[in-house]
Amino acid sequence: MERAEQKLLFESGNELAAYAAKQINYHVMGYYPITPSTQIAEYLDTMGADGKHQIALIPAEGEHSAAGICYGAAAGGGRVFNATSANGLLYALEQLPVQSGTRLPMVLNIACRSVSGPLSIKGDHSDVMYTLNTGWVILFADSPQEVYDCNICAIKIAEQLRLPVIVAFDGFFTSHQKRNSYVFADDNAVRNFIGPINCDYSVLHPQNPVTIGSYMNEPDLMNNKYQLHAAMEKARTLIPAVFNEYEQLTGRKLKTLKSYQTDDAEVLLFVLGSAYLTAKAAADKLRGEGKKVGVFSLGTLRPFPSEQIADLCKNAHTILVADRQDSYGAGGGNMSIEIRAALQQKGQTQRVISRVYGLGGRDFYENDAIALFECCFKKDVQSFDYIGVYPGEADFQPEPYFQPVTDAENNPCLISCSEENGKVTVQGGTVRDTTARPKRLAPGHGACPGCGIPVNVNLLLRGIEGNVVLLFQTGCGMVVTTGYPKTAFKVPYVHNLFQNGAATLSGLSEMYHKMQQRGELPEGDITFIMASGDGGMDIGMGSAIGTALRGAPVILFEYDNGGYMNTGYQLSYSTPMGAKSATSHLGEKQWGKTFFHKDMPQIMAATGMPYVATAAESDPNDFIKKAAKAQYYAKTHGTAYIRCLSACPLNWGDKPNTERKVIAAAVNSCYFPLYEVEQGHTTLSYDPEQKNKKIPVSDWLKMMGRTKHLCTEKYSERAAAVQREVDRRWKRLKLQAAHPEL
């Protein structure tokens, strides 16, 4: 086979995964942003905006739905692509056996990352190991070059086996580090290597209807799983064949089992991913000292090359398996367990030592590898241990960074509420009234200058009397306030993931009341408040609606900053239509976000919850009074919801010292109207038309770098569409407010 022309690029693993996807020209990518895999979708969106591929990038509201998008697209018989990491992978996990069990090929890139909690965004292998039993072929790349090469081979393998394929690589180490790498100079060479789609069945052929995913009992299910097993066994010969074909085309050899200096090695070190390159350098150094050491790694985790591993290890007296994750309670990580099993299956009795290293992205240096090699030459060493941990202080007594907020400070009786004829009246509640209340979110957090989150959280808490427990979903608000070992909160605080904050808080609230009923907690009162933003009411909307329908006595507070800001500003469902973001670029073929912003207050009002309100820092007195109302309703009627518009100057592209004016313009343009839905009845809190302050939406859009392009002639129709939708929603809201039943 004649070698195809290659060209040299200096790119990262994420960039090369996207470049390979662009050359393959997949039909569909369903995605949801999560660090450190998000850049793959961002790079593809950039190329798509310039017309360099025809892939439909579909932004899901969570990783579970992204996996569903991919499954549905694969059922249509086309080529499908996705990328994720960490808890996002786990959220999508139940979809993975569905994909493999119905034998629908696709490719999923995993930029491997630590699984929380506690939350960490750094690289280790604790996520990908959850996929070992899902029926997917798993390739593992140790360099950006291999990320590219594996992606090209993966789709060919997937379609020939009719199995989905994972391409895994180390988050941040491989995903973000740039290296000189070769790619096909001509996209057609990639497509010729892969070949045409050969789809055995598709639900898009009505003349030949099929049922995919039928209900199945034994023995049919047993046969189905056996066929999946047989396909995986076929992969043992197919994958090397595809790798050999790829080598003839490129000169680059991919291997299922990688080894270095292993032929005469007495001691072998196993590592997976980018650590393999570091371990090779350590082996060279020890070889220079006359020590017979070698290194091996895997290019495929599934199918697992047991026989090859046993054959490679047969002459060594000690094998140290270093896992970048732990299978807790099993005496080693998954690779330790599987390599021990491979040796035992062949009757080999070498000493196998297991070490867990590099969790949470802890660097692995040459000296670390040398230390692992050296312990193999000792007789008495623990068979299992962690490296890089430090002992705690047994007598350590943590001291609070802040004095707790006292009952007297929590209850200064600054605000009172009374209800009459289905309406709650607030006495007090102005900025001046609440100056005596201490800040529960203290200064000294790590938010960017001009960030609206601490401003809005503290405005909300000014209106809350008594003790408070806060729950923050993942997002900027959580990350900038709780960097271990410090916290910015003077009140009890809990974190849970994007998709489950409201349910978590409702469980906590129920526990409080149940323990009080049983006399296990003293009498008193606590207000439970969830704070969410950064797209948290996209992925977490189902949980929030369920909490509202149950009527849990909690406050759901959304700081709407109009994007997934904590991952670098990808579009969320609350991003303005036409706004540019990291996944809605401007280009010849694209003009920013293509659909209108989500009207979350109206969605929440449709649940029938007793209190829904919008608030803005441009009217702080209104904000505080609504917080007091929300507290009253949460304690007497059920779930309350408040949404505020929260500035993000870094990603909105405006100035920190102008944010209150920007927020006020959003209110005066009616893009973000201020109103309440109180026990089913809508009331306008502020009508800019009556105050002669109403402005065109374009006056707000031009204040921000992310949307000012909409105010040019080129995008005038897009701006007009935004204005029409804002006008429609405002008119509808006024009609609701005027109607006695709405």
# chains A, B, ... in the order shown; residues from 1 in each chain; ligands from 1
>>> residues_around(residues="Thr481 of chain A", least_positions_apart="6", cutoff="8 Å", atoms="only C-alpha atoms", output="compact mmCIF listing (two decimals) with N, CA, C and O atoms, in the first residue's frame")
# COMPACT_ATOMS: atom_id res chain seq x y z
N HIS A 445 -13.28 35.67 48.49
CA HIS A 445 -13.45 34.54 47.57
C HIS A 445 -12.64 34.79 46.31
O HIS A 445 -12.03 35.84 46.13
N GLY A 446 -12.67 33.84 45.41
CA GLY A 446 -11.84 33.93 44.21
C GLY A 446 -12.57 34.32 42.95
O GLY A 446 -12.07 34.08 41.84
N ALA A 447 -13.74 34.93 43.07
CA ALA A 447 -14.50 35.30 41.87
C ALA A 447 -13.79 36.40 41.09
O ALA A 447 -13.04 37.21 41.65
N THR A 487 -12.83 28.03 53.09
CA THR A 487 -14.19 28.25 52.61
C THR A 487 -14.56 29.70 52.81
O THR A 487 -14.05 30.35 53.73
N ALA A 488 -15.41 30.22 51.94
CA ALA A 488 -15.86 31.60 52.07
C ALA A 488 -17.21 31.69 52.78
O ALA A 488 -17.76 32.78 52.90
N PHE A 489 -17.74 30.55 53.25
CA PHE A 489 -19.08 30.54 53.83
C PHE A 489 -19.02 30.55 55.35
O PHE A 489 -18.26 29.80 55.96
>>> select_by_dssp(residues="segment 64-308 of chain A", states="strand (DSSP E or B)", output="ChimeraX atom specification")
/A:80-84,107-112,137-140,165-170,179-184,257-260,267-270,293-298,300-302
>>> atom_distance(atom1="atom CA of Ala502 of chain A", atom2="atom CA of Arg643 of chain A")
14.5 Å
>>> atom_distance(atom1="atom CA of Lys598 of chain A", atom2="atom CA of Thr636 of chain A")
28.9 Å
>>> select_by_dssp(residues="segment 14-113 of chain A", states="helix (DSSP H, G or I)", output="tab-separated table (two decimals) with all heavy atoms, in the first residue's frame")
chain	number	residue	atom	x	y	z
A	14	ASN	N	-6.66	17.09	22.40
A	14	ASN	CA	-8.03	17.51	22.10
A	14	ASN	C	-8.14	18.07	20.69
A	14	ASN	O	-9.11	17.79	19.96
A	14	ASN	CB	-8.48	18.58	23.10
A	14	ASN	CG	-8.93	17.99	24.42
A	14	ASN	OD1	-9.18	16.80	24.53
A	14	ASN	ND2	-9.03	18.82	25.45
A	15	GLU	N	-7.17	18.88	20.30
A	15	GLU	CA	-7.21	19.46	18.96
A	15	GLU	C	-7.12	18.38	17.90
A	15	GLU	O	-7.80	18.45	16.87
A	15	GLU	CB	-6.06	20.47	18.81
A	15	GLU	CG	-6.27	21.75	19.60
A	15	GLU	CD	-5.04	22.63	19.60
A	15	GLU	OE1	-3.93	22.12	19.89
A	15	GLU	OE2	-5.17	23.85	19.34
A	16	LEU	N	-6.28	17.37	18.14
A	16	LEU	CA	-6.11	16.32	17.15
A	16	LEU	C	-7.31	15.38	17.11
A	16	LEU	O	-7.64	14.83	16.05
A	16	LEU	CB	-4.82	15.55	17.42
A	16	LEU	CG	-3.56	16.37	17.09
A	16	LEU	CD1	-2.32	15.73	17.70
A	16	LEU	CD2	-3.39	16.52	15.58
A	17	ALA	N	-7.99	15.18	18.24
A	17	ALA	CA	-9.24	14.41	18.22
A	17	ALA	C	-10.27	15.12	17.36
A	17	ALA	O	-10.97	14.50	16.55
A	17	ALA	CB	-9.76	14.22	19.64
A	18	ALA	N	-10.36	16.45	17.53
A	18	ALA	CA	-11.29	17.24	16.72
A	18	ALA	C	-10.88	17.23	15.25
A	18	ALA	O	-11.74	17.15	14.36
A	18	ALA	CB	-11.36	18.67	17.24
A	19	TYR	N	-9.59	17.31	15.01
A	19	TYR	CA	-9.10	17.33	13.61
A	19	TYR	C	-9.43	16.00	12.93
A	19	TYR	O	-9.86	15.98	11.76
A	19	TYR	CB	-7.60	17.59	13.58
A	19	TYR	CG	-7.09	18.04	12.24
A	19	TYR	CD1	-7.14	19.38	11.87
A	19	TYR	CD2	-6.58	17.12	11.32
A	19	TYR	CE1	-6.68	19.79	10.62
A	19	TYR	CE2	-6.12	17.53	10.08
A	19	TYR	CZ	-6.18	18.86	9.74
A	19	TYR	OH	-5.73	19.27	8.50
A	20	ALA	N	-9.25	14.89	13.65
A	20	ALA	CA	-9.59	13.59	13.08
A	20	ALA	C	-11.09	13.50	12.80
A	20	ALA	O	-11.51	13.00	11.75
A	20	ALA	CB	-9.17	12.47	14.04
A	21	ALA	N	-11.90	14.01	13.72
A	21	ALA	CA	-13.36	13.98	13.52
A	21	ALA	C	-13.75	14.82	12.31
A	21	ALA	O	-14.64	14.43	11.53
A	21	ALA	CB	-14.06	14.50	14.77
A	22	LYS	N	-13.09	15.95	12.15
A	22	LYS	CA	-13.36	16.81	10.99
A	22	LYS	C	-13.00	16.08	9.70
A	22	LYS	O	-13.74	16.13	8.71
A	22	LYS	CB	-12.56	18.11	11.13
A	22	LYS	CG	-12.44	18.96	9.87
A	22	LYS	CD	-11.06	18.81	9.26
A	22	LYS	CE	-10.86	19.70	8.06
A	22	LYS	NZ	-9.59	19.46	7.35
A	23	GLN	N	-11.87	15.37	9.68
A	23	GLN	CA	-11.47	14.66	8.47
A	23	GLN	C	-12.40	13.49	8.18
A	23	GLN	O	-12.72	13.22	7.02
A	23	GLN	CB	-10.03	14.17	8.61
A	23	GLN	CG	-9.00	15.31	8.60
A	23	GLN	CD	-7.58	14.81	8.51
A	23	GLN	OE1	-7.15	13.99	9.33
A	23	GLN	NE2	-6.84	15.28	7.52
A	24	ILE	N	-12.86	12.81	9.22
A	24	ILE	CA	-13.83	11.73	9.04
A	24	ILE	C	-15.16	12.29	8.57
A	24	ILE	O	-15.89	11.68	7.80
A	24	ILE	CB	-13.99	10.94	10.36
A	24	ILE	CG1	-12.67	10.22	10.70
A	24	ILE	CG2	-15.15	9.96	10.28
A	24	ILE	CD1	-12.59	9.71	12.12
A	38	THR	N	-13.91	19.34	26.87
A	38	THR	CA	-14.77	20.32	26.21
A	38	THR	C	-14.14	20.89	24.94
A	38	THR	O	-14.84	21.21	23.98
A	38	THR	CB	-15.09	21.47	27.18
A	38	THR	OG1	-15.68	20.90	28.36
A	38	THR	CG2	-16.04	22.47	26.57
A	39	GLN	N	-12.82	21.05	24.95
A	39	GLN	CA	-12.17	21.67	23.79
A	39	GLN	C	-12.44	20.94	22.49
A	39	GLN	O	-12.40	21.54	21.42
A	39	GLN	CB	-10.66	21.73	24.03
A	39	GLN	CG	-10.23	22.73	25.09
A	39	GLN	CD	-8.73	22.73	25.27
A	39	GLN	OE1	-8.07	21.71	25.06
A	39	GLN	NE2	-8.18	23.86	25.64
A	40	ILE	N	-12.71	19.64	22.55
A	40	ILE	CA	-12.96	18.89	21.32
A	40	ILE	C	-14.18	19.46	20.60
A	40	ILE	O	-14.13	19.74	19.40
A	40	ILE	CB	-13.14	17.39	21.64
A	40	ILE	CG1	-11.85	16.82	22.24
A	40	ILE	CG2	-13.53	16.62	20.37
A	40	ILE	CD1	-11.97	15.39	22.73
A	41	ALA	N	-15.27	19.67	21.34
A	41	ALA	CA	-16.46	20.27	20.74
A	41	ALA	C	-16.18	21.72	20.32
A	41	ALA	O	-16.67	22.17	19.28
A	41	ALA	CB	-17.62	20.22	21.72
A	42	GLU	N	-15.40	22.45	21.12
A	42	GLU	CA	-15.09	23.84	20.79
A	42	GLU	C	-14.32	23.92	19.48
A	42	GLU	O	-14.63	24.76	18.62
A	42	GLU	CB	-14.28	24.47	21.92
A	42	GLU	CG	-15.04	24.66	23.21
A	42	GLU	CD	-14.20	25.24	24.33
A	42	GLU	OE1	-12.95	25.31	24.16
A	42	GLU	OE2	-14.75	25.62	25.36
A	43	TYR	N	-13.31	23.09	19.32
A	43	TYR	CA	-12.52	23.11	18.09
A	43	TYR	C	-13.36	22.71	16.88
A	43	TYR	O	-13.23	23.30	15.80
A	43	TYR	CB	-11.30	22.20	18.21
A	43	TYR	CG	-10.29	22.63	19.25
A	43	TYR	CD1	-9.68	21.72	20.09
A	43	TYR	CD2	-9.94	23.97	19.38
A	43	TYR	CE1	-8.75	22.11	21.05
A	43	TYR	CE2	-9.02	24.38	20.34
A	43	TYR	CZ	-8.43	23.44	21.17
A	43	TYR	OH	-7.52	23.84	22.11
A	44	LEU	N	-14.22	21.72	17.07
A	44	LEU	CA	-15.09	21.32	15.97
A	44	LEU	C	-16.06	22.43	15.60
A	44	LEU	O	-16.34	22.66	14.42
A	44	LEU	CB	-15.86	20.05	16.33
A	44	LEU	CG	-15.13	18.73	16.07
A	44	LEU	CD1	-15.91	17.57	16.67
A	44	LEU	CD2	-14.90	18.51	14.59
A	45	ASP	N	-16.55	23.16	16.60
A	45	ASP	CA	-17.46	24.27	16.32
A	45	ASP	C	-16.73	25.37	15.56
A	45	ASP	O	-17.29	25.97	14.64
A	45	ASP	CB	-18.04	24.82	17.62
A	45	ASP	CG	-19.13	25.84	17.37
A	45	ASP	OD1	-20.26	25.42	17.07
A	45	ASP	OD2	-18.85	27.05	17.45
A	46	THR	N	-15.49	25.64	15.94
A	46	THR	CA	-14.70	26.65	15.23
A	46	THR	C	-14.54	26.28	13.77
A	46	THR	O	-14.75	27.10	12.87
A	46	THR	CB	-13.31	26.80	15.88
A	46	THR	OG1	-13.48	27.17	17.25
A	46	THR	CG2	-12.50	27.88	15.18
A	47	MET	N	-14.18	25.02	13.51
A	47	MET	CA	-14.00	24.57	12.13
A	47	MET	C	-15.33	24.55	11.38
A	47	MET	O	-15.39	24.88	10.19
A	47	MET	CB	-13.35	23.18	12.11
A	47	MET	CG	-11.88	23.19	12.55
A	47	MET	SD	-11.06	21.57	12.36
A	47	MET	CE	-11.65	20.74	13.83
A	48	GLY	N	-16.40	24.19	12.08
A	48	GLY	CA	-17.72	24.19	11.44
A	48	GLY	C	-18.18	25.57	11.05
A	48	GLY	O	-18.82	25.76	10.00
A	49	ALA	N	-17.86	26.57	11.91
A	49	ALA	CA	-18.24	27.95	11.59
A	49	ALA	C	-17.57	28.42	10.31
A	49	ALA	O	-18.11	29.27	9.59
A	49	ALA	CB	-17.86	28.87	12.75
A	63	GLU	N	-24.93	15.22	29.96
A	63	GLU	CA	-24.22	14.12	29.29
A	63	GLU	C	-25.12	12.91	29.02
A	63	GLU	O	-24.91	12.19	28.05
A	63	GLU	CB	-23.02	13.69	30.15
A	63	GLU	CG	-21.89	14.69	30.20
A	63	GLU	CD	-22.02	15.66	31.35
A	63	GLU	OE1	-23.06	15.65	32.04
A	63	GLU	OE2	-21.07	16.44	31.58
A	64	HIS	N	-26.09	12.70	29.89
A	64	HIS	CA	-27.00	11.58	29.66
A	64	HIS	C	-27.76	11.79	28.35
A	64	HIS	O	-27.90	10.87	27.53
A	64	HIS	CB	-27.97	11.46	30.84
A	64	HIS	CG	-28.74	10.19	30.87
A	64	HIS	ND1	-29.90	10.01	30.16
A	64	HIS	CD2	-28.52	9.01	31.53
A	64	HIS	CE1	-30.36	8.79	30.37
A	64	HIS	NE2	-29.56	8.16	31.20
A	65	SER	N	-28.22	13.01	28.14
A	65	SER	CA	-28.93	13.31	26.90
A	65	SER	C	-27.99	13.32	25.70
A	65	SER	O	-28.38	12.94	24.60
A	65	SER	CB	-29.64	14.67	27.01
A	65	SER	OG	-30.69	14.60	27.96
A	66	ALA	N	-26.76	13.77	25.91
A	66	ALA	CA	-25.78	13.73	24.82
A	66	ALA	C	-25.58	12.30	24.34
A	66	ALA	O	-25.53	12.02	23.14
A	66	ALA	CB	-24.45	14.33	25.28
A	67	ALA	N	-25.51	11.37	25.29
A	67	ALA	CA	-25.38	9.96	24.92
A	67	ALA	C	-26.63	9.47	24.21
A	67	ALA	O	-26.56	8.66	23.28
A	67	ALA	CB	-25.11	9.11	26.17
A	68	GLY	N	-27.79	9.97	24.63
A	68	GLY	CA	-29.03	9.61	23.95
A	68	GLY	C	-29.09	10.14	22.54
A	68	GLY	O	-29.57	9.45	21.62
A	69	ILE	N	-28.63	11.37	22.34
A	69	ILE	CA	-28.55	11.94	20.99
A	69	ILE	C	-27.70	11.03	20.10
A	69	ILE	O	-28.07	10.71	18.96
A	69	ILE	CB	-27.97	13.36	21.04
A	69	ILE	CG1	-28.98	14.33	21.67
A	69	ILE	CG2	-27.56	13.84	19.64
A	69	ILE	CD1	-28.38	15.68	22.03
A	70	CYS	N	-26.56	10.62	20.64
A	70	CYS	CA	-25.66	9.77	19.86
A	70	CYS	C	-26.29	8.42	19.54
A	70	CYS	O	-26.15	7.90	18.43
A	70	CYS	CB	-24.34	9.59	20.61
A	70	CYS	SG	-23.36	11.10	20.72
A	71	TYR	N	-26.98	7.85	20.51
A	71	TYR	CA	-27.63	6.56	20.28
A	71	TYR	C	-28.70	6.68	19.20
A	71	TYR	O	-28.78	5.85	18.28
A	71	TYR	CB	-28.23	6.05	21.58
A	71	TYR	CG	-29.01	4.76	21.43
A	71	TYR	CD1	-28.37	3.58	21.10
A	71	TYR	CD2	-30.39	4.74	21.63
A	71	TYR	CE1	-29.08	2.40	20.96
A	71	TYR	CE2	-31.11	3.56	21.50
A	71	TYR	CZ	-30.45	2.39	21.16
A	71	TYR	OH	-31.16	1.22	21.02
A	72	GLY	N	-29.50	7.73	19.30
A	72	GLY	CA	-30.54	7.93	18.30
A	72	GLY	C	-29.96	8.14	16.92
A	72	GLY	O	-30.45	7.59	15.92
A	73	ALA	N	-28.89	8.95	16.83
A	73	ALA	CA	-28.25	9.19	15.54
A	73	ALA	C	-27.66	7.90	14.98
A	73	ALA	O	-27.75	7.63	13.77
A	73	ALA	CB	-27.18	10.27	15.70
A	74	ALA	N	-27.05	7.08	15.86
A	74	ALA	CA	-26.46	5.82	15.40
A	74	ALA	C	-27.54	4.87	14.89
A	74	ALA	O	-27.32	4.11	13.94
A	74	ALA	CB	-25.67	5.17	16.53
A	75	ALA	N	-28.73	4.92	15.49
A	75	ALA	CA	-29.83	4.08	15.02
A	75	ALA	C	-30.26	4.46	13.61
A	75	ALA	O	-30.90	3.67	12.91
A	75	ALA	CB	-31.02	4.18	15.97
A	86	ALA	N	-14.96	12.20	33.25
A	86	ALA	CA	-15.26	12.16	34.68
A	86	ALA	C	-16.73	11.89	34.97
A	86	ALA	O	-17.32	10.94	34.45
A	86	ALA	CB	-14.78	13.46	35.34
A	87	ASN	N	-17.32	12.75	35.83
A	87	ASN	CA	-18.71	12.53	36.24
A	87	ASN	C	-19.67	12.63	35.08
A	87	ASN	O	-20.76	12.04	35.12
A	87	ASN	CB	-19.09	13.52	37.34
A	87	ASN	CG	-18.34	13.25	38.63
A	87	ASN	OD1	-17.16	13.56	38.73
A	87	ASN	ND2	-18.99	12.67	39.60
A	88	GLY	N	-19.30	13.36	34.04
A	88	GLY	CA	-20.12	13.38	32.84
A	88	GLY	C	-20.22	12.01	32.22
A	88	GLY	O	-21.30	11.58	31.77
A	89	LEU	N	-19.11	11.29	32.20
A	89	LEU	CA	-19.12	9.91	31.70
A	89	LEU	C	-20.00	9.03	32.57
A	89	LEU	O	-20.81	8.24	32.06
A	89	LEU	CB	-17.69	9.36	31.67
A	89	LEU	CG	-17.55	7.87	31.34
A	89	LEU	CD1	-18.01	7.58	29.93
A	89	LEU	CD2	-16.10	7.41	31.53
A	90	LEU	N	-19.89	9.21	33.89
A	90	LEU	CA	-20.70	8.38	34.78
A	90	LEU	C	-22.18	8.70	34.64
A	90	LEU	O	-23.03	7.81	34.75
A	90	LEU	CB	-20.25	8.58	36.23
A	90	LEU	CG	-19.17	7.60	36.72
A	90	LEU	CD1	-17.90	7.71	35.89
A	90	LEU	CD2	-18.85	7.84	38.19
A	91	TYR	N	-22.51	9.97	34.40
A	91	TYR	CA	-23.90	10.35	34.20
A	91	TYR	C	-24.46	9.68	32.95
A	91	TYR	O	-25.64	9.31	32.90
A	91	TYR	CB	-24.00	11.86	34.10
A	91	TYR	CG	-25.40	12.42	34.09
A	91	TYR	CD1	-26.44	11.82	34.79
A	91	TYR	CD2	-25.70	13.57	33.38
A	91	TYR	CE1	-27.72	12.34	34.78
A	91	TYR	CE2	-26.98	14.11	33.38
A	91	TYR	CZ	-27.98	13.48	34.08
A	91	TYR	OH	-29.26	14.00	34.06
A	92	ALA	N	-23.62	9.50	31.96
A	92	ALA	CA	-24.05	8.88	30.70
A	92	ALA	C	-23.92	7.36	30.72
A	92	ALA	O	-24.31	6.69	29.76
A	92	ALA	CB	-23.21	9.43	29.54
A	95	GLN	N	-26.23	4.58	29.36
A	95	GLN	CA	-26.46	4.54	27.92
A	95	GLN	C	-25.43	3.69	27.19
A	95	GLN	O	-25.67	3.22	26.08
A	95	GLN	CB	-26.44	5.95	27.35
A	95	GLN	CG	-27.73	6.73	27.54
A	95	GLN	CD	-28.84	6.20	26.64
A	95	GLN	OE1	-28.73	6.17	25.43
A	95	GLN	NE2	-29.93	5.76	27.26
A	96	LEU	N	-24.26	3.47	27.81
A	96	LEU	CA	-23.19	2.76	27.11
A	96	LEU	C	-23.54	1.30	26.82
A	96	LEU	O	-23.34	0.83	25.68
A	96	LEU	CB	-21.87	2.88	27.89
A	96	LEU	CG	-20.99	4.08	27.50
A	96	LEU	CD1	-21.68	5.41	27.82
A	96	LEU	CD2	-19.64	4.02	28.20
A	97	PRO	N	-24.08	0.54	27.78
A	97	PRO	CA	-24.48	-0.84	27.43
A	97	PRO	C	-25.63	-0.89	26.43
A	97	PRO	O	-25.76	-1.87	25.69
A	97	PRO	CB	-24.91	-1.42	28.79
A	97	PRO	CG	-24.28	-0.55	29.81
A	97	PRO	CD	-24.22	0.81	29.22
A	98	VAL	N	-26.47	0.15	26.41
A	98	VAL	CA	-27.54	0.20	25.40
A	98	VAL	C	-26.91	0.27	24.01
A	98	VAL	O	-27.33	-0.44	23.08
A	98	VAL	CB	-28.46	1.41	25.65
A	98	VAL	CG1	-29.49	1.54	24.53
A	98	VAL	CG2	-29.13	1.31	27.01
A	99	GLN	N	-25.90	1.11	23.86
A	99	GLN	CA	-25.24	1.29	22.56
A	99	GLN	C	-24.56	0.00	22.10
A	99	GLN	O	-24.68	-0.40	20.94
A	99	GLN	CB	-24.20	2.42	22.67
A	99	GLN	CG	-23.62	2.87	21.34
A	99	GLN	CD	-24.35	4.05	20.76
A	99	GLN	OE1	-24.88	4.87	21.46
A	99	GLN	NE2	-24.36	4.15	19.44
A	100	SER	N	-23.86	-0.65	23.01
A	100	SER	CA	-23.15	-1.87	22.62
A	100	SER	C	-24.10	-3.06	22.48
A	100	SER	O	-23.93	-3.89	21.58
A	100	SER	CB	-22.06	-2.20	23.64
A	100	SER	OG	-22.60	-2.41	24.93
A	101	GLY	N	-25.11	-3.14	23.35
A	101	GLY	CA	-26.04	-4.26	23.29
A	101	GLY	C	-26.88	-4.28	22.04
A	101	GLY	O	-27.34	-5.34	21.61
>>> closest_residue(among="A:Val183, A:Leu254, A:Leu301, A:Ile695", to="Glu146 of chain A", atoms="only C-alpha atoms")
A:Leu254
>>> residues_around(residues="segment 197-214 of chain A", least_positions_apart="4", cutoff="7 Å", atoms="only C-alpha atoms", output="list in words")
Ala75, Gly76, Gly77 and Thr102 of chain A
>>> write_last_selection(atoms="C-alpha atoms", output="PDB file, in the first residue's frame")
ATOM      1  CA  ALA A  75     -29.833   4.076  15.016  1.00  0.00           C
ATOM      2  CA  GLY A  76     -30.206   6.141  11.850  1.00  0.00           C
ATOM      3  CA  GLY A  77     -27.165   4.452  10.334  1.00  0.00           C
ATOM      4  CA  THR A 102     -27.844  -3.039  20.186  1.00  0.00           C
TER       5      THR A 102
END
>>> residues_around(residues="segment 725-738 of chain A", least_positions_apart="2", cutoff="8 Å", atoms="only C-alpha atoms", output="MDAnalysis selection string")
chainID A and resid 596 670:671 673 681:684 697 721:723 740 742
